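One structure is given below, encoded as structure tokens.
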Amino acid sequence: RYYPERAAIAPDGARLTFRELHDRVGGIAAALSRHGFRSGDRLALLLPNGPEYIELVYACAWLGVTSVPLNIRLSAVEIDRVLADANPRGLVRHSSLPVPKTELSWHLVLDKEPWETGNESHPTPLYDPEAILALIYTSGTTGRPKGVMLTHANILTNANNFNYWMRYREGGVYLHAAPIFHIADFPAMFALPVFGVCQTTIPKFSPQIFCETVERERVSHTVLVPTMINLLTQSPEAKKYDLSSLEVLA
């Protein structure tokens, strides 16, 4: 509404405006509706970081469908355990990742079967602060992973708090370098449009890919976990890149 012509997301070096992203997400929501997804259903996501991941989470939120982001570092057996616990109606996955054995009523291999977004009208967005937006599983360091429920109200509060934490400015560029399936990064995708920030992603972190992306996209904000920061400070490659655009590293 505020930034319709500003860059919203950067897939494969291109740029989608907020208006174009809104229409695309509405089309994906319509496609999910066509496949029978309704408010309260769950959809598991086994995907590397990418713009299509963000679009899919937005489309689920639009419909009131609960996203279940899966840790892409888990084995197929571990993924099956999470699927058995979450009991999703469907799964969207990438062909490069482990294939779970759990039988679901619907699944899509996103890199092989892109969305068929026709000209049908967009579904009516769900507005329910207590609806479960995402079921995010813990890392399971002291036992098996447990699903943590995040409501729409939780995410809205998080988006508000982000401004105090990272002090976004209008028109910045945010890099999803930490995995989107993790709570450290997941809520950022909802805070960023509030400030008209463009989002970009890398599928897997390495110091070189991170630095190349910051230099190319003029990234201003990102979230990294301490291990990633450690790798950056120890990398001789990092000194070769222009990282001057980076204003805030949380």
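Residue numbering restarts at 1 in every chain; chains get A, B, ... in the order shown in the structure tokens, and ligands count up from 1 in that same order.
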With a cut-off of 10 Å, could you pull out the residues of region 23-141 of chain A touching region 187-198 of chain A and give me the nearest pair of atoms for each, distance in Å to one decimal, using only C-alpha atoms, ordered by chain and ascending number, as JSON lines?
```
{"residue": "A:Ile54", "atom": "CA", "partner": "A:Met189", "partner_atom": "CA", "distance": 7.0}
{"residue": "A:Glu55", "atom": "CA", "partner": "A:Met189", "partner_atom": "CA", "distance": 9.7}
{"residue": "A:Val57", "atom": "CA", "partner": "A:Met189", "partner_atom": "CA", "distance": 9.1}
{"residue": "A:Tyr58", "atom": "CA", "partner": "A:Phe190", "partner_atom": "CA", "distance": 8.5}
{"residue": "A:Ala134", "atom": "CA", "partner": "A:Pro187", "partner_atom": "CA", "distance": 9.9}
```
- Polymer residues at most 12 Å from Ser96 (chain A), only C-alpha atoms, same-chain spacing of 2 or more positions, as a PyMOL selection string: chain A and resi 46-48+72-73+93-94+98-99+109-112+203
Just C-alpha atoms for this one: save the residues we selected as a PDB file, in the first residue's frame.
```pdb
ATOM      1  CA  LEU A  46      11.359 -28.288   2.884  1.00  0.00           C
ATOM      2  CA  LEU A  47      13.193 -25.632   0.888  1.00  0.00           C
ATOM      3  CA  PRO A  48      16.525 -23.790   0.842  1.00  0.00           C
ATOM      4  CA  ILE A  72      16.912 -28.766   5.692  1.00  0.00           C
ATOM      5  CA  ARG A  73      19.870 -30.232   7.603  1.00  0.00           C
ATOM      6  CA  ARG A  93       9.993 -29.460  -1.212  1.00  0.00           C
ATOM      7  CA  HIS A  94      13.121 -28.990  -3.311  1.00  0.00           C
ATOM      8  CA  PRO A  98      16.188 -35.541   1.440  1.00  0.00           C
ATOM      9  CA  VAL A  99      12.929 -37.200   0.372  1.00  0.00           C
ATOM     10  CA  VAL A 109       8.526 -30.413  -5.929  1.00  0.00           C
ATOM     11  CA  LEU A 110       8.847 -26.674  -6.446  1.00  0.00           C
ATOM     12  CA  ASP A 111      11.960 -26.594  -8.647  1.00  0.00           C
ATOM     13  CA  LYS A 112      10.379 -29.196 -10.994  1.00  0.00           C
ATOM     14  CA  PRO A 203      20.524 -20.660  -0.469  1.00  0.00           C
TER      15      PRO A 203
END
```
Write out as CSV a residue-level contact list of region 16-104 of chain A versus region 140-161 of chain A with cut-off 10 Å: for each qualifying residue the closest pair of atoms and the distance in Å to one decimal, counting only C-alpha atoms, rows sorted by chain and residue number upward.
```
residue,atom,partner,partner_atom,distance
A:Ala61,CA,A:His152,CA,8.0
A:Gly64,CA,A:His152,CA,9.0
A:Thr66,CA,A:Leu150,CA,9.1
A:Ser67,CA,A:Leu150,CA,9.8
A:Val68,CA,A:Gly147,CA,8.8
A:Glu78,CA,A:Arg144,CA,8.9
A:Arg81,CA,A:Arg144,CA,8.7
A:Val82,CA,A:Pro145,CA,7.4
A:Asp85,CA,A:Gly147,CA,8.1
A:Ala86,CA,A:Gly147,CA,7.4
```
With all heavy atoms retained, write the just-selected residues as a short mmCIF file (atom, residue, chain, number, x, y, z; two decimals), in the first residue's frame.
```
data_model
loop_
_atom_site.label_atom_id
_atom_site.label_comp_id
_atom_site.auth_asym_id
_atom_site.auth_seq_id
_atom_site.Cartn_x
_atom_site.Cartn_y
_atom_site.Cartn_z
N ALA A 61 0.01 -17.40 4.92
CA ALA A 61 -0.52 -16.43 5.89
C ALA A 61 -1.79 -15.77 5.36
O ALA A 61 -2.74 -15.51 6.11
CB ALA A 61 0.55 -15.39 6.20
N GLY A 64 -4.58 -18.21 5.94
CA GLY A 64 -4.76 -18.77 7.27
C GLY A 64 -4.25 -20.20 7.37
O GLY A 64 -4.57 -20.92 8.31
N THR A 66 -1.28 -22.79 8.10
CA THR A 66 -0.10 -22.78 8.98
C THR A 66 1.11 -23.33 8.25
O THR A 66 1.11 -24.47 7.79
CB THR A 66 -0.36 -23.63 10.25
OG1 THR A 66 -1.47 -23.08 10.95
CG2 THR A 66 0.85 -23.64 11.16
N SER A 67 2.16 -22.51 8.13
CA SER A 67 3.43 -22.97 7.55
C SER A 67 4.17 -23.82 8.57
O SER A 67 4.21 -23.49 9.75
CB SER A 67 4.33 -21.78 7.19
OG SER A 67 3.70 -20.87 6.34
N VAL A 68 4.78 -24.92 8.08
CA VAL A 68 5.63 -25.75 8.94
C VAL A 68 7.01 -25.81 8.28
O VAL A 68 7.30 -26.69 7.47
CB VAL A 68 5.06 -27.17 9.11
CG1 VAL A 68 5.90 -27.97 10.12
CG2 VAL A 68 3.60 -27.12 9.57
N GLU A 78 14.63 -38.10 10.32
CA GLU A 78 14.28 -37.01 11.25
C GLU A 78 13.14 -36.16 10.70
O GLU A 78 12.25 -35.73 11.44
CB GLU A 78 15.51 -36.15 11.53
CG GLU A 78 16.59 -36.85 12.34
CD GLU A 78 17.89 -36.07 12.39
OE1 GLU A 78 18.33 -35.56 11.33
OE2 GLU A 78 18.49 -36.00 13.47
N ARG A 81 9.89 -37.88 11.29
CA ARG A 81 9.42 -37.73 12.67
C ARG A 81 8.68 -36.41 12.85
O ARG A 81 7.64 -36.35 13.51
CB ARG A 81 10.61 -37.79 13.64
CG ARG A 81 11.17 -39.18 13.85
CD ARG A 81 12.29 -39.13 14.88
NE ARG A 81 13.05 -40.38 14.89
CZ ARG A 81 14.36 -40.45 15.07
NH1 ARG A 81 15.06 -39.35 15.26
NH2 ARG A 81 14.97 -41.61 15.09
N VAL A 82 9.24 -35.34 12.28
CA VAL A 82 8.59 -34.03 12.40
C VAL A 82 7.25 -34.03 11.67
O VAL A 82 6.25 -33.52 12.17
CB VAL A 82 9.51 -32.91 11.86
CG1 VAL A 82 8.78 -31.57 11.83
CG2 VAL A 82 10.76 -32.78 12.71
N ASP A 85 4.62 -35.72 13.64
CA ASP A 85 4.18 -34.90 14.77
C ASP A 85 3.31 -33.74 14.30
O ASP A 85 2.28 -33.44 14.91
CB ASP A 85 5.41 -34.36 15.52
CG ASP A 85 5.03 -33.61 16.77
OD1 ASP A 85 4.56 -34.25 17.72
OD2 ASP A 85 5.19 -32.37 16.80
N ALA A 86 3.71 -33.09 13.20
CA ALA A 86 2.98 -31.89 12.73
C ALA A 86 1.70 -32.25 11.98
O ALA A 86 0.76 -31.45 11.95
CB ALA A 86 3.90 -31.08 11.81
#
```
- Task: Apply DSSP to the structure's backbone, then extract all residues of region 29-249 of chain A labelled strand (DSSP E or B) and return them as a ChimeraX atom specification.
- Result: /A:42-46,66-69,90-93,106-109,132-137,147-151,173-176,198-201,221-222,248-249
Next, write the just-selected residues to a file, as a compact mmCIF listing (two decimals), in the first residue's frame, keeping N, CA, C and O atoms as the atom set.
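Output file out_5.txt is given in full below:
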```
# COMPACT_ATOMS: atom_id res chain seq x y z
N ARG A 42 -2.31 -27.31 7.53
CA ARG A 42 -0.87 -27.10 7.68
C ARG A 42 -0.16 -27.51 6.39
O ARG A 42 -0.52 -28.50 5.76
N LEU A 43 0.86 -26.72 6.04
CA LEU A 43 1.67 -27.01 4.85
C LEU A 43 3.14 -27.02 5.26
O LEU A 43 3.67 -26.00 5.72
N ALA A 44 3.81 -28.17 5.09
CA ALA A 44 5.23 -28.28 5.43
C ALA A 44 6.08 -27.76 4.28
O ALA A 44 5.74 -27.95 3.10
N LEU A 45 7.19 -27.11 4.62
CA LEU A 45 8.08 -26.50 3.63
C LEU A 45 9.48 -27.04 3.83
O LEU A 45 10.09 -26.83 4.90
N LEU A 46 9.99 -27.75 2.84
CA LEU A 46 11.36 -28.29 2.88
C LEU A 46 12.12 -27.66 1.72
O LEU A 46 12.22 -28.23 0.63
N THR A 66 -1.28 -22.79 8.10
CA THR A 66 -0.10 -22.78 8.98
C THR A 66 1.11 -23.33 8.25
O THR A 66 1.11 -24.47 7.79
N SER A 67 2.16 -22.51 8.13
CA SER A 67 3.43 -22.97 7.55
C SER A 67 4.17 -23.82 8.57
O SER A 67 4.21 -23.49 9.75
N VAL A 68 4.78 -24.92 8.08
CA VAL A 68 5.63 -25.75 8.94
C VAL A 68 7.01 -25.81 8.28
O VAL A 68 7.30 -26.69 7.47
N PRO A 69 7.89 -24.83 8.58
CA PRO A 69 9.23 -24.83 7.97
C PRO A 69 10.08 -25.97 8.53
O PRO A 69 10.18 -26.12 9.75
N GLY A 90 -0.03 -31.14 3.41
CA GLY A 90 0.81 -31.25 2.22
C GLY A 90 2.23 -30.82 2.50
O GLY A 90 2.58 -30.37 3.59
N LEU A 91 3.07 -30.99 1.47
CA LEU A 91 4.50 -30.66 1.56
C LEU A 91 4.94 -30.02 0.26
O LEU A 91 4.62 -30.50 -0.83
N VAL A 92 5.70 -28.93 0.37
CA VAL A 92 6.38 -28.35 -0.78
C VAL A 92 7.87 -28.51 -0.52
O VAL A 92 8.37 -28.09 0.53
N ARG A 93 8.58 -29.17 -1.45
CA ARG A 93 9.99 -29.46 -1.21
C ARG A 93 10.83 -29.15 -2.44
O ARG A 93 10.32 -28.90 -3.53
N TRP A 106 -1.01 -34.35 -0.47
CA TRP A 106 -0.57 -33.50 -1.60
C TRP A 106 0.87 -33.11 -1.39
O TRP A 106 1.29 -32.84 -0.26
N HIS A 107 1.66 -33.13 -2.47
CA HIS A 107 3.00 -32.56 -2.35
C HIS A 107 3.46 -32.04 -3.71
O HIS A 107 2.98 -32.46 -4.76
N LEU A 108 4.37 -31.08 -3.63
CA LEU A 108 4.86 -30.39 -4.83
C LEU A 108 6.38 -30.28 -4.75
O LEU A 108 6.92 -29.90 -3.71
N VAL A 109 7.08 -30.63 -5.83
CA VAL A 109 8.53 -30.41 -5.93
C VAL A 109 8.70 -29.09 -6.67
O VAL A 109 8.57 -29.01 -7.89
N ILE A 132 -2.90 -19.68 13.88
CA ILE A 132 -1.50 -20.11 13.92
C ILE A 132 -0.86 -19.85 12.56
O ILE A 132 -1.23 -20.48 11.57
N LEU A 133 0.08 -18.93 12.52
CA LEU A 133 0.75 -18.59 11.26
C LEU A 133 1.83 -19.62 10.92
O LEU A 133 1.97 -20.02 9.77
N ALA A 134 2.59 -20.04 11.93
CA ALA A 134 3.68 -21.00 11.67
C ALA A 134 3.86 -21.93 12.85
O ALA A 134 3.60 -21.56 14.01
N LEU A 135 4.29 -23.14 12.53
CA LEU A 135 4.68 -24.13 13.53
C LEU A 135 6.17 -24.38 13.30
O LEU A 135 6.55 -25.05 12.34
N ILE A 136 7.00 -23.76 14.15
CA ILE A 136 8.44 -23.82 13.95
C ILE A 136 9.04 -24.77 14.98
O ILE A 136 8.82 -24.63 16.18
N TYR A 137 9.81 -25.74 14.49
CA TYR A 137 10.35 -26.78 15.36
C TYR A 137 11.69 -26.37 15.96
O TYR A 137 12.53 -25.75 15.29
N GLY A 147 7.35 -28.67 18.22
CA GLY A 147 6.72 -27.62 17.42
C GLY A 147 6.26 -26.45 18.28
O GLY A 147 5.53 -26.65 19.26
N VAL A 148 6.71 -25.25 17.94
CA VAL A 148 6.34 -24.04 18.67
C VAL A 148 5.36 -23.24 17.81
O VAL A 148 5.66 -22.92 16.66
N MET A 149 4.19 -22.95 18.38
CA MET A 149 3.14 -22.26 17.63
C MET A 149 3.37 -20.75 17.65
O MET A 149 3.54 -20.15 18.71
N LEU A 150 3.35 -20.14 16.47
CA LEU A 150 3.42 -18.67 16.35
C LEU A 150 2.10 -18.20 15.75
O LEU A 150 1.75 -18.60 14.64
N THR A 151 1.40 -17.33 16.46
CA THR A 151 0.16 -16.78 15.92
C THR A 151 0.44 -15.57 15.04
O THR A 151 1.55 -15.01 15.06
N VAL A 173 18.07 -2.83 2.23
CA VAL A 173 18.12 -4.16 1.60
C VAL A 173 18.50 -5.16 2.68
O VAL A 173 19.53 -5.01 3.34
N TYR A 174 17.65 -6.18 2.87
CA TYR A 174 17.87 -7.19 3.89
C TYR A 174 18.28 -8.50 3.22
O TYR A 174 17.66 -8.93 2.25
N LEU A 175 19.30 -9.15 3.78
CA LEU A 175 19.77 -10.43 3.25
C LEU A 175 19.36 -11.55 4.21
O LEU A 175 19.75 -11.55 5.38
N HIS A 176 18.58 -12.52 3.68
CA HIS A 176 18.28 -13.75 4.43
C HIS A 176 19.49 -14.67 4.26
O HIS A 176 19.56 -15.46 3.31
N CYS A 198 13.79 -4.08 0.57
CA CYS A 198 13.94 -5.14 -0.44
C CYS A 198 14.61 -6.35 0.20
O CYS A 198 15.56 -6.20 0.98
N GLN A 199 14.10 -7.55 -0.10
CA GLN A 199 14.67 -8.78 0.46
C GLN A 199 15.45 -9.54 -0.61
O GLN A 199 15.01 -9.65 -1.75
N THR A 200 16.60 -10.06 -0.19
CA THR A 200 17.36 -10.93 -1.06
C THR A 200 17.81 -12.14 -0.24
O THR A 200 17.78 -12.10 0.99
N THR A 201 18.19 -13.21 -0.89
CA THR A 201 18.48 -14.47 -0.19
C THR A 201 19.73 -15.13 -0.74
O THR A 201 20.13 -14.88 -1.89
N HIS A 221 21.09 -4.62 5.92
CA HIS A 221 20.73 -5.29 7.17
C HIS A 221 20.75 -6.81 6.99
O HIS A 221 20.36 -7.31 5.93
N THR A 222 21.16 -7.51 8.03
CA THR A 222 21.07 -8.97 8.01
C THR A 222 21.15 -9.50 9.43
O THR A 222 21.49 -8.77 10.36
N VAL A 248 23.68 -2.67 9.70
CA VAL A 248 23.31 -3.37 10.93
C VAL A 248 23.47 -4.88 10.71
O VAL A 248 22.93 -5.43 9.76
N LEU A 249 24.21 -5.50 11.62
CA LEU A 249 24.36 -6.95 11.62
C LEU A 249 23.88 -7.45 12.98
O LEU A 249 24.53 -7.17 13.99
```
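Residue nearest Val65 (chain A) within the list A:Leu232, A:Ala131, A:Ala177, A:Leu21: A:Ala131 [criterion: smallest interatomic distance, only C-alpha atoms].
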- Å distance separating CA of Cys211 (chain A) from CA of Lys240 (chain A), one decimal place: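 Distance between the two atoms: 8.8 Å.
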- Of the candidates A:Ser39, A:Gln208, A:Asn71, A:Ser244, which one gets nearest to Met228 (chain A) if we count only C-alpha atoms? A:Gln208
